[in-house]
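Inspection log for the structure reproduced underneath, given as structure tokens.
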Amino acid sequence: AERDGPRGVVVGQRLPRASRVRRSQEIRKLLRRGKRERTTHLDVFFAASPVARPRLGVLVPKHRHEIVERNCLKRRLRELGRTRVLPALRSAGVRMDVMVRARAEAYDASFSELRDELDMMTEGICSAPHSSA
């Protein structure tokens, strides 16, 4: 892999801007009106996307942890969203906005635990009858 991007980031390995829920107004709306599912480490909110593609947002509250721990958790969740959640939603033809909010317990979770929980959530979203919205 070539490192052509800024700060040595591998080009094509980012979560594209068009695939992110970024505006605070959209985030608040999704948290307020979206359907919520809980796992051991995460709260996952989802609702029909106003655009023609699935999008992902990640919220990592401080929960009395240092910024280094917070950034590590944020990067893990973003990577799982980019490599697993969004491709699964796209292949199922599901146009959903998904907001992943880390709970305090997520700081102690392994990458594989987070992956398994998000995979389970994504499967549920893709197989639900309301997901074709």
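Each chain in the structure tokens gets a letter, A, B and so on, in the order shown; residues start at 1 in every chain, and ligands are counted from 1 in the order they appear.
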
Hey, could you make a per-residue contact list for region 2-91 of chain A against region 99-119 of chain A with 8 Å as the cut-off, showing the nearest pair of atoms and its distance in Å to one decimal, counting only C-alpha atoms, sorted by chain and number, as a Markdown table?
```
| residue | atom | partner | partner_atom | distance |
| --- | --- | --- | --- | --- |
| A:Val21 | CA | A:Met99 | CA | 7.7 |
| A:Ile27 | CA | A:Met99 | CA | 7.7 |
| A:Leu30 | CA | A:Met99 | CA | 7.3 |
| A:Leu31 | CA | A:Met99 | CA | 7.6 |
| A:Thr39 | CA | A:Glu117 | CA | 6.6 |
| A:Thr40 | CA | A:Glu105 | CA | 7.3 |
| A:His41 | CA | A:Ala106 | CA | 4.5 |
| A:Leu42 | CA | A:Ala102 | CA | 4.8 |
| A:Asp43 | CA | A:Arg101 | CA | 5.1 |
| A:Val44 | CA | A:Val100 | CA | 4.7 |
| A:Phe45 | CA | A:Met99 | CA | 5.0 |
| A:Phe46 | CA | A:Met99 | CA | 6.3 |
| A:Leu56 | CA | A:Met99 | CA | 5.8 |
| A:Gly57 | CA | A:Met99 | CA | 4.5 |
| A:Val58 | CA | A:Val100 | CA | 4.9 |
| A:Leu59 | CA | A:Arg101 | CA | 4.6 |
| A:Val60 | CA | A:Ala102 | CA | 5.1 |
| A:Pro61 | CA | A:Ala102 | CA | 6.9 |
| A:His63 | CA | A:Ala104 | CA | 5.7 |
| A:Glu69 | CA | A:Tyr107 | CA | 7.3 |
| A:Arg70 | CA | A:Tyr107 | CA | 7.8 |
| A:Leu73 | CA | A:Tyr107 | CA | 6.7 |
| A:Arg76 | CA | A:Phe111 | CA | 6.9 |
| A:Leu77 | CA | A:Leu114 | CA | 7.6 |
| A:Leu80 | CA | A:Arg115 | CA | 6.4 |
| A:Arg84 | CA | A:Asp119 | CA | 7.2 |
| A:Val85 | CA | A:Asp119 | CA | 7.0 |
```

Any chance you can output those residues with N, CA and C atoms as a PDB file, in the first residue's frame?
```pdb
ATOM      1  N   VAL A  21     -21.998  10.733   9.041  1.00  0.00           N
ATOM      2  CA  VAL A  21     -23.012  11.624   9.601  1.00  0.00           C
ATOM      3  C   VAL A  21     -22.191  12.641  10.373  1.00  0.00           C
ATOM      4  N   ILE A  27     -26.902  14.590  13.784  1.00  0.00           N
ATOM      5  CA  ILE A  27     -26.554  13.699  14.894  1.00  0.00           C
ATOM      6  C   ILE A  27     -27.635  13.756  15.968  1.00  0.00           C
ATOM      7  N   LEU A  30     -30.792  12.004  14.799  1.00  0.00           N
ATOM      8  CA  LEU A  30     -30.622  10.547  14.802  1.00  0.00           C
ATOM      9  C   LEU A  30     -30.688   9.992  16.222  1.00  0.00           C
ATOM     10  N   LEU A  31     -30.063  10.675  17.174  1.00  0.00           N
ATOM     11  CA  LEU A  31     -30.090  10.219  18.565  1.00  0.00           C
ATOM     12  C   LEU A  31     -31.493  10.331  19.157  1.00  0.00           C
ATOM     13  N   THR A  39     -25.803  -2.945  23.173  1.00  0.00           N
ATOM     14  CA  THR A  39     -24.983  -4.137  23.363  1.00  0.00           C
ATOM     15  C   THR A  39     -24.234  -3.925  24.674  1.00  0.00           C
ATOM     16  N   THR A  40     -23.356  -4.821  24.997  1.00  0.00           N
ATOM     17  CA  THR A  40     -22.582  -4.709  26.234  1.00  0.00           C
ATOM     18  C   THR A  40     -21.750  -3.434  26.264  1.00  0.00           C
ATOM     19  N   HIS A  41     -21.200  -3.044  25.109  1.00  0.00           N
ATOM     20  CA  HIS A  41     -20.271  -1.922  25.057  1.00  0.00           C
ATOM     21  C   HIS A  41     -20.754  -0.716  24.255  1.00  0.00           C
ATOM     22  N   LEU A  42     -21.834  -0.872  23.500  1.00  0.00           N
ATOM     23  CA  LEU A  42     -22.236   0.174  22.563  1.00  0.00           C
ATOM     24  C   LEU A  42     -23.735   0.443  22.598  1.00  0.00           C
ATOM     25  N   ASP A  43     -24.091   1.677  22.241  1.00  0.00           N
ATOM     26  CA  ASP A  43     -25.470   2.025  21.898  1.00  0.00           C
ATOM     27  C   ASP A  43     -25.435   2.324  20.403  1.00  0.00           C
ATOM     28  N   VAL A  44     -26.295   1.677  19.641  1.00  0.00           N
ATOM     29  CA  VAL A  44     -26.330   1.879  18.198  1.00  0.00           C
ATOM     30  C   VAL A  44     -27.692   2.448  17.825  1.00  0.00           C
ATOM     31  N   PHE A  45     -27.676   3.623  17.219  1.00  0.00           N
ATOM     32  CA  PHE A  45     -28.895   4.291  16.779  1.00  0.00           C
ATOM     33  C   PHE A  45     -28.953   4.207  15.263  1.00  0.00           C
ATOM     34  N   PHE A  46     -30.148   3.971  14.710  1.00  0.00           N
ATOM     35  CA  PHE A  46     -30.254   3.923  13.258  1.00  0.00           C
ATOM     36  C   PHE A  46     -31.616   4.414  12.806  1.00  0.00           C
ATOM     37  N   LEU A  56     -22.360   6.621   8.448  1.00  0.00           N
ATOM     38  CA  LEU A  56     -21.957   6.210   9.783  1.00  0.00           C
ATOM     39  C   LEU A  56     -21.501   7.414  10.591  1.00  0.00           C
ATOM     40  N   GLY A  57     -21.812   7.401  11.868  1.00  0.00           N
ATOM     41  CA  GLY A  57     -21.301   8.392  12.801  1.00  0.00           C
ATOM     42  C   GLY A  57     -20.796   7.677  14.036  1.00  0.00           C
ATOM     43  N   VAL A  58     -19.792   8.246  14.687  1.00  0.00           N
ATOM     44  CA  VAL A  58     -19.212   7.638  15.882  1.00  0.00           C
ATOM     45  C   VAL A  58     -19.146   8.695  16.984  1.00  0.00           C
ATOM     46  N   LEU A  59     -19.673   8.364  18.152  1.00  0.00           N
ATOM     47  CA  LEU A  59     -19.596   9.234  19.327  1.00  0.00           C
ATOM     48  C   LEU A  59     -18.859   8.484  20.430  1.00  0.00           C
ATOM     49  N   VAL A  60     -17.818   9.115  20.958  1.00  0.00           N
ATOM     50  CA  VAL A  60     -17.064   8.505  22.050  1.00  0.00           C
ATOM     51  C   VAL A  60     -16.996   9.510  23.197  1.00  0.00           C
ATOM     52  N   PRO A  61     -17.923   9.422  24.161  1.00  0.00           N
ATOM     53  CA  PRO A  61     -17.882  10.312  25.312  1.00  0.00           C
ATOM     54  C   PRO A  61     -16.627  10.076  26.151  1.00  0.00           C
ATOM     55  N   HIS A  63     -16.109   9.748  29.493  1.00  0.00           N
ATOM     56  CA  HIS A  63     -16.225   8.740  30.551  1.00  0.00           C
ATOM     57  C   HIS A  63     -14.986   8.699  31.454  1.00  0.00           C
ATOM     58  N   GLU A  69      -6.798   7.325  25.049  1.00  0.00           N
ATOM     59  CA  GLU A  69      -7.709   6.176  25.091  1.00  0.00           C
ATOM     60  C   GLU A  69      -8.949   6.447  24.243  1.00  0.00           C
ATOM     61  N   ARG A  70      -9.438   7.670  24.343  1.00  0.00           N
ATOM     62  CA  ARG A  70     -10.628   8.060  23.589  1.00  0.00           C
ATOM     63  C   ARG A  70     -10.370   7.980  22.087  1.00  0.00           C
ATOM     64  N   LEU A  73     -10.214   4.324  20.855  1.00  0.00           N
ATOM     65  CA  LEU A  73     -11.548   3.740  20.730  1.00  0.00           C
ATOM     66  C   LEU A  73     -12.267   4.299  19.502  1.00  0.00           C
ATOM     67  N   ARG A  76     -10.886   2.684  16.380  1.00  0.00           N
ATOM     68  CA  ARG A  76     -11.371   1.295  16.260  1.00  0.00           C
ATOM     69  C   ARG A  76     -12.789   1.256  15.702  1.00  0.00           C
ATOM     70  N   LEU A  77     -13.667   2.077  16.277  1.00  0.00           N
ATOM     71  CA  LEU A  77     -15.067   2.075  15.839  1.00  0.00           C
ATOM     72  C   LEU A  77     -15.211   2.584  14.408  1.00  0.00           C
ATOM     73  N   LEU A  80     -14.072  -0.213  12.044  1.00  0.00           N
ATOM     74  CA  LEU A  80     -15.090  -1.262  11.935  1.00  0.00           C
ATOM     75  C   LEU A  80     -16.272  -0.797  11.088  1.00  0.00           C
ATOM     76  N   ARG A  84     -16.705  -2.938   7.799  1.00  0.00           N
ATOM     77  CA  ARG A  84     -17.704  -3.975   8.020  1.00  0.00           C
ATOM     78  C   ARG A  84     -19.141  -3.459   7.939  1.00  0.00           C
ATOM     79  N   VAL A  85     -19.464  -2.416   8.679  1.00  0.00           N
ATOM     80  CA  VAL A  85     -20.858  -1.947   8.755  1.00  0.00           C
ATOM     81  C   VAL A  85     -21.325  -1.374   7.414  1.00  0.00           C
TER      82      VAL A  85
END
```

### Query
Can you list, as a ChimeraX atom specification, every residue of chain A that DSSP puts in alpha helix (DSSP H)?
/A:24-33,67-80,86-92,111-127

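Of the residues listed (A:Thr122, A:Asn71, A:Ser24, A:Gln13), A:Thr122 shows the shortest atom-to-atom separation from Arg90 (chain A); distances use only C-alpha atoms.
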
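Using only C-alpha atoms, the nearest neighbour of Val94 (chain A) within the list A:Arg78, A:Pro54, A:Lys62, A:Val68 is A:Pro54.
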
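Distances from A:Leu15, A:Ile67, A:Val51, A:Leu86 to Met121 (chain A) were compared using only C-alpha atoms, and the smallest one belongs to A:Leu86.
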
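Here CA of Ser49 (chain A) stands at a distance of 8.7 Å from CA of Val98 (chain A).
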